[in-house]
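Undergrad: Below is the file input.cif, which contains mmCIF, C-alpha atoms.
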data_upload
loop_
_atom_site.label_atom_id
_atom_site.label_comp_id
_atom_site.auth_asym_id
_atom_site.auth_seq_id
_atom_site.Cartn_x
_atom_site.Cartn_y
_atom_site.Cartn_z
CA MET A 29 -3.10 89.99 -37.84
CA SER A 30 -0.36 91.91 -36.02
CA ARG A 31 1.11 95.11 -37.38
CA ASN A 32 4.48 93.44 -37.90
CA LYS A 33 2.93 90.70 -40.02
CA ILE A 34 1.05 93.30 -42.08
CA LYS A 35 4.29 95.24 -42.68
CA VAL A 36 6.12 92.07 -43.75
CA LYS A 37 3.30 91.21 -46.11
CA ASP A 38 3.26 94.74 -47.58
CA ARG A 39 7.02 94.63 -48.17
CA PHE A 40 6.72 91.25 -49.85
CA VAL A 41 3.92 92.48 -52.12
CA LYS A 42 5.90 95.61 -53.07
CA ALA A 43 9.05 93.58 -53.79
CA LEU A 44 7.04 91.14 -55.89
CA ARG A 45 5.40 94.00 -57.78
CA HIS A 46 8.81 95.54 -58.52
CA GLN A 47 10.12 92.20 -59.81
CA VAL A 48 7.07 91.72 -62.03
CA ASN A 49 7.42 95.27 -63.39
CA LEU A 50 11.10 94.64 -64.11
CA ILE A 51 10.33 91.41 -65.95
CA VAL A 52 7.62 93.12 -67.98
CA PHE A 53 10.02 95.96 -68.84
CA ILE A 54 12.71 93.50 -69.96
CA VAL A 55 10.25 91.55 -72.10
CA ILE A 56 8.99 94.75 -73.74
CA CYS A 57 12.59 95.84 -74.49
CA LEU A 58 13.32 92.40 -75.91
CA ILE A 59 10.29 92.53 -78.19
CA ILE A 60 10.92 96.10 -79.37
CA ALA A 61 14.62 95.46 -80.09
CA ASN A 62 13.84 92.34 -82.12
CA ILE A 63 11.10 94.10 -84.06
CA ILE A 64 13.53 96.90 -84.96
CA VAL A 65 16.41 94.61 -85.98
CA VAL A 66 14.31 92.09 -87.90
CA GLY A 67 11.88 94.61 -89.35
CA THR A 68 14.54 96.92 -90.74
CA SER A 69 16.68 94.11 -92.20
CA ALA A 70 14.17 91.61 -93.61
CA GLY A 71 13.94 93.37 -96.98
CA GLN A 72 17.70 93.00 -97.52
CA ILE A 73 17.59 89.20 -97.41
CA LYS A 74 17.45 88.12 -101.03
CA GLY A 75 16.97 84.41 -100.60
CA SER A 76 18.18 81.32 -98.80
CA ILE A 77 19.99 78.22 -99.97
CA LYS A 78 17.60 75.84 -98.25
CA ASP A 79 17.48 72.06 -98.65
CA ASN A 80 20.23 72.44 -101.29
CA LYS A 81 17.92 74.37 -103.62
CA ASP A 82 19.63 77.14 -105.57
CA LEU A 83 18.46 80.73 -105.75
CA THR A 84 16.22 81.77 -108.62
CA GLN A 85 17.73 83.64 -111.56
CA GLU A 86 15.81 86.73 -110.46
CA GLN A 87 17.38 86.56 -106.99
CA LEU A 88 20.84 86.01 -108.44
CA GLN A 89 20.47 88.94 -110.80
CA GLU A 90 19.40 91.22 -107.98
CA LEU A 91 22.51 90.20 -106.07
CA ARG A 92 24.74 90.75 -109.12
CA ASP A 93 23.20 94.16 -109.67
CA LEU A 94 24.45 95.24 -106.25
CA ASP A 95 28.00 94.98 -107.68
CA ALA A 96 29.28 93.96 -104.26
CA ASP A 97 32.94 94.39 -103.31
CA CYS A 98 32.84 90.96 -101.69
CA VAL A 99 30.80 88.14 -100.28
CA LEU A 100 31.32 88.26 -96.50
CA VAL A 101 31.24 84.87 -94.77
CA LEU A 102 30.79 85.08 -91.00
CA GLY A 103 32.68 82.43 -89.08
CA ALA A 104 31.34 79.61 -86.94
CA SER A 105 32.85 76.73 -85.02
CA VAL A 106 35.36 74.25 -86.41
CA TYR A 107 36.17 70.79 -85.09
CA ARG A 108 39.47 69.90 -83.43
CA ASN A 109 40.62 68.16 -86.60
CA GLY A 110 40.13 71.43 -88.51
CA ASP A 111 36.96 70.46 -90.33
CA PRO A 112 34.23 73.14 -90.50
CA SER A 113 31.11 72.43 -88.48
CA PRO A 114 27.96 71.74 -90.54
CA MET A 115 26.79 75.30 -89.97
CA LEU A 116 30.08 76.80 -91.17
CA ARG A 117 30.33 74.35 -94.07
CA ASP A 118 26.92 75.45 -95.33
CA ARG A 119 27.97 79.10 -95.13
CA LEU A 120 31.10 78.36 -97.14
CA ASP A 121 29.24 76.28 -99.73
CA THR A 122 26.76 79.12 -100.17
CA ALA A 123 29.55 81.67 -100.58
CA VAL A 124 31.33 79.51 -103.18
CA TYR A 125 28.06 79.12 -105.05
CA LEU A 126 27.55 82.91 -105.10
CA TYR A 127 31.15 83.41 -106.24
CA GLU A 128 30.65 80.92 -109.09
CA GLN A 129 27.43 82.68 -110.07
CA GLY A 130 29.26 85.98 -110.49
CA VAL A 131 27.72 87.75 -107.49
CA SER A 132 31.13 89.11 -106.44
CA PRO A 133 34.76 88.45 -107.41
CA LYS A 134 36.01 88.29 -103.81
CA LEU A 135 35.29 86.24 -100.69
CA LEU A 136 35.99 87.84 -97.31
CA LEU A 137 36.29 85.16 -94.61
CA SER A 138 35.88 86.62 -91.13
CA GLY A 139 36.22 84.60 -87.96
CA ASP A 140 37.89 83.95 -84.63
CA CYS A 141 41.59 83.13 -84.62
CA GLY A 142 43.28 82.92 -81.25
CA PRO A 143 45.72 80.71 -79.32
CA GLY A 144 44.85 77.09 -80.02
CA TYR A 145 41.80 77.91 -82.10
CA ASP A 146 41.42 78.96 -85.72
CA GLU A 147 38.27 79.40 -87.79
CA VAL A 148 39.73 81.34 -90.71
CA GLY A 149 42.44 78.85 -91.71
CA PRO A 150 39.98 75.99 -92.24
CA MET A 151 37.58 78.37 -93.99
CA LYS A 152 40.27 79.38 -96.46
CA LYS A 153 41.35 75.77 -97.02
CA TYR A 154 37.75 74.73 -97.69
CA VAL A 155 36.98 77.38 -100.31
CA LYS A 156 40.35 76.85 -102.03
CA GLU A 157 39.60 73.15 -102.33
CA ALA A 158 36.20 74.13 -103.75
CA GLY A 159 37.97 75.93 -106.57
CA VAL A 160 38.21 79.56 -105.46
CA PRO A 161 41.64 81.02 -106.43
CA GLU A 162 43.75 82.25 -103.54
CA GLU A 163 43.94 85.75 -105.00
CA ASP A 164 40.16 86.03 -104.67
CA ILE A 165 40.18 85.08 -100.97
CA VAL A 166 40.65 87.71 -98.25
CA CYS A 167 40.92 86.66 -94.60
CA ASP A 168 40.06 88.56 -91.43
CA GLU A 169 41.39 86.72 -88.39
CA ASN A 170 39.99 89.30 -85.94
CA GLY A 171 36.30 88.68 -86.52
CA PHE A 172 35.72 87.71 -82.91
CA SER A 173 32.05 88.71 -82.99
CA THR A 174 29.40 89.73 -85.49
CA TYR A 175 29.92 93.34 -84.45
CA GLU A 176 33.68 93.21 -85.00
CA SER A 177 33.35 91.40 -88.34
CA ILE A 178 30.96 94.02 -89.71
CA TYR A 179 32.93 96.95 -88.27
CA ARG A 180 36.20 95.68 -89.72
CA THR A 181 34.66 94.91 -93.10
CA SER A 182 33.88 98.60 -93.41
CA GLN A 183 36.79 100.25 -91.65
CA ILE A 184 39.70 97.91 -92.39
CA PHE A 185 38.76 96.41 -95.74
CA LYS A 186 36.98 99.57 -96.96
CA VAL A 187 34.00 97.65 -98.29
CA THR A 188 31.02 99.78 -99.29
CA LYS A 189 28.82 97.11 -100.91
CA VAL A 190 28.59 93.59 -99.50
CA VAL A 191 26.63 90.35 -99.69
CA VAL A 192 26.56 88.70 -96.25
CA VAL A 193 26.32 84.93 -95.87
CA THR A 194 25.24 83.23 -92.65
CA GLN A 195 22.16 81.36 -91.44
CA LYS A 196 18.96 83.35 -91.80
CA TYR A 197 18.31 83.76 -88.07
CA HIS A 198 21.70 85.50 -87.84
CA LEU A 199 21.40 87.57 -91.01
CA TYR A 200 19.03 90.15 -89.53
CA ARG A 201 21.57 91.28 -86.94
CA ALA A 202 24.47 91.25 -89.39
CA LEU A 203 22.58 93.34 -91.95
CA TYR A 204 21.44 95.74 -89.24
CA GLY A 205 25.12 96.33 -88.45
CA CYS A 206 25.97 96.88 -92.12
CA ARG A 207 23.43 99.68 -92.26
CA HIS A 208 25.07 101.39 -89.27
CA MET A 209 28.44 101.20 -91.03
CA ASN A 210 26.91 102.81 -94.12
CA MET A 211 27.45 99.72 -96.25
CA GLU A 212 24.95 98.81 -98.94
CA ALA A 213 24.21 95.21 -98.10
CA MET A 214 22.17 92.19 -99.10
CA GLY A 215 22.06 88.83 -97.38
CA VAL A 216 21.74 85.20 -98.40
CA GLY A 217 20.78 82.55 -95.87
CA ALA A 218 22.79 79.33 -95.68
CA ASP A 219 20.12 77.08 -94.21
CA GLN A 220 20.94 73.79 -95.90
CA ASP A 221 20.45 71.59 -92.85
CA ARG A 222 18.73 71.19 -89.51
CA TYR A 223 21.35 72.05 -86.93
CA VAL A 224 21.71 70.48 -83.49
CA GLY A 225 21.03 73.05 -80.77
CA GLN A 226 19.21 75.48 -83.07
CA LEU A 227 16.47 76.19 -80.52
CA PHE A 228 19.15 77.39 -78.09
CA ARG A 229 20.74 79.55 -80.80
CA ASP A 230 17.40 81.11 -81.65
CA GLY A 231 16.86 82.04 -78.02
CA ARG A 232 20.38 83.42 -77.67
CA GLU A 233 19.91 85.46 -80.83
CA LEU A 234 16.89 87.22 -79.31
CA LEU A 235 19.19 88.53 -76.58
CA ALA A 236 22.07 89.23 -78.97
CA ARG A 237 19.87 91.53 -81.04
CA VAL A 238 19.17 93.62 -77.95
CA LYS A 239 22.88 93.79 -77.14
CA ASP A 240 23.92 94.76 -80.66
CA LEU A 241 21.13 97.31 -80.93
CA CYS A 242 22.73 99.10 -77.98
CA VAL A 243 26.30 98.54 -79.17
CA TRP A 244 25.61 100.03 -82.60
CA VAL A 245 24.30 103.19 -80.94
CA VAL A 246 27.65 103.67 -79.15
CA ARG A 247 29.73 102.01 -81.91
CA PRO A 248 32.97 101.45 -79.94
CA GLN A 249 36.15 100.77 -81.89
CA PRO A 250 37.24 97.13 -81.58
CA ASP A 251 40.55 96.36 -79.89
CA ASP A 252 43.59 95.87 -82.13
CA LEU A 253 41.78 97.35 -85.11
CA GLY A 254 44.97 97.54 -87.17
CA VAL A 255 45.66 99.49 -90.33
CA PRO A 256 43.38 99.65 -93.38
CA GLN A 257 43.78 96.85 -95.92
CA PRO A 258 41.44 97.77 -98.78
CA ILE A 259 40.00 94.67 -100.39
CA TYR A 260 40.94 96.11 -103.82
#
Starting from the file, lay out its structure as structure tokens.

TA:
Amino acid sequence: MSRNKIKVKDRFVKALRHQVNLIVFIVICLIIANIIVVGTSAGQIKGSIKDNKDLTQEQLQELRDLDADCVLVLGASVYRNGDPSPMLRDRLDTAVYLYEQGVSPKLLLSGDCGPGYDEVGPMKKYVKEAGVPEEDIVCDENGFSTYESIYRTSQIFKVTKVVVVTQKYHLYRALYGCRHMNMEAMGVGADQDRYVGQLFRDGRELLARVKDLCVWVVRPQPDDLGVPQPIY
């Protein structure tokens, strides 16, 4: 074998080794970040409305004892006709159930609201039709991400105790953020259905936990934060 061929082979082996090391490093970071986010938040999840089964009285009492300022509902997609997607509908149904059970006297609906797209309007309409009085509904139209929703719940609405409602796979990251904003938080999963595309969401959430782990270290102020609007 000529010297040139040996050099080419050595360069290829070194490049391959670097790529393998990089992949291993990324996988290790992914695993560690998910262990931190899930491990530190799991104890705050106080139950899940699964297969339309209600929480136990013990779980409900633990949530009531928190004396939460509000039940925070994190937004999800809505259809073009304004109907909530199944995932969002289950979050809203869970929040209404908690409201009716006396877990908190306020619902905070946080979601994306931009040109040609509105999550919060349909969320408000849905819970009003479910029987929640308008004076007990607070809307945040600038909840463009989980990070922004949690940040604004603390800094704009001055919430110090909160019950977060979303699907369980998403709760870990939301509750992790609440801890960084010094909010006392509990979570309830809204897993009443099997959702199309859930495997993709689970994979995306693995990466999102890494991202938010880094973002919460820096804790940048969201754009257009606005002025405080205390929930009470």

Undergrad: Convert the output of the PyMOL selection byres ((chain A and resi 72) around 10) on the shown file into explicit residues, formatted as a ChimeraX atom specification.

TA: /A:68-71,73-75,191-192,199-200,203-204,212-216

Undergrad: Report, in Å to a single decimal, how far apart atom CA of A:His198 and atom CA of A:Gly225 are.

TA: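 Distance reported for this atom pair: 14.3 Å.
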
Undergrad: Could you work out how far atom CA of A:Phe185 lies from atom CA of A:Leu253, giving the answer in Å with one decimal?

TA: 11.1 Å

Undergrad: So which residues get picked by the PyMOL selection byres ((chain A and resi 167-179) around 7) here, written as number ranges by chain?

TA: A: 136-141, 148, 165-166, 180-183, 202, 205-206, 209, 250

Undergrad: Work out how far atom CA of A:Val65 is from atom CA of A:Asp121, in Å to one decimal.

TA: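 These atoms are spaced 26.3 Å apart.
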
Undergrad: The PyMOL selection byres ((chain A and resi 50-58) around 10) - which residues does that actually catch in the file I just gave you? List them as an mmCIF file with C-alpha atoms, in the coordinates of the input.

TA:
data_model
loop_
_atom_site.group_PDB
_atom_site.id
_atom_site.type_symbol
_atom_site.label_atom_id
_atom_site.label_comp_id
_atom_site.auth_asym_id
_atom_site.auth_seq_id
_atom_site.Cartn_x
_atom_site.Cartn_y
_atom_site.Cartn_z
ATOM 1 C CA LEU A 44 7.040 91.140 -55.890
ATOM 2 C CA ARG A 45 5.400 94.000 -57.780
ATOM 3 C CA HIS A 46 8.810 95.540 -58.520
ATOM 4 C CA GLN A 47 10.120 92.200 -59.810
ATOM 5 C CA VAL A 48 7.070 91.720 -62.030
ATOM 6 C CA ASN A 49 7.420 95.270 -63.390
ATOM 7 C CA ILE A 59 10.290 92.530 -78.190
ATOM 8 C CA ILE A 60 10.920 96.100 -79.370
ATOM 9 C CA ALA A 61 14.620 95.460 -80.090
ATOM 10 C CA ASN A 62 13.840 92.340 -82.120
ATOM 11 C CA ILE A 63 11.100 94.100 -84.060
ATOM 12 C CA LEU A 234 16.890 87.220 -79.310
ATOM 13 C CA LEU A 235 19.190 88.530 -76.580
ATOM 14 C CA ALA A 236 22.070 89.230 -78.970
ATOM 15 C CA ARG A 237 19.870 91.530 -81.040
ATOM 16 C CA VAL A 238 19.170 93.620 -77.950
ATOM 17 C CA LYS A 239 22.880 93.790 -77.140
#

Undergrad: With distances taken over only C-alpha atoms, which of A:Arg201, A:Cys98, A:Asp230, A:Lys186 is nearest to A:Gly67?

TA: A:Arg201

Undergrad: For a quick check of understanding, using only C-alpha atoms, which of A:Gln129, A:Thr194, A:Gln220, A:Thr188 has the smallest distance to A:Arg92?

TA: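 Looking at the shortest contact to A:Arg92, the residue is A:Gln129.
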
Undergrad: Using all atoms listed in the file, can you tell me which of A:Lys134, A:Asn109, A:Gln249, A:Gln257 comes closest to A:Asp95?

TA: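 For A:Asp95, the nearest of the given residues is A:Lys134.
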
Undergrad: Looking at all atoms listed in the file, which of A:Asp82, A:Glu163, A:Asp93, A:Asp111 is the one that sits closest to A:Ala123?

TA: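 Nearest candidate to A:Ala123 out of A:Asp82, A:Glu163, A:Asp93, A:Asp111: A:Asp82.
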
Undergrad: Between A:Glu86, A:Asp240, A:Glu128, A:Glu147, single out the one closest to A:Ser105, counting only C-alpha atoms.

TA: A:Glu147

Undergrad: Go through A:Asp252, A:Gly149, A:Gly142, A:Lys189 and flag the residue nearest A:Leu94, using only C-alpha atoms for the distances.

TA: A:Lys189
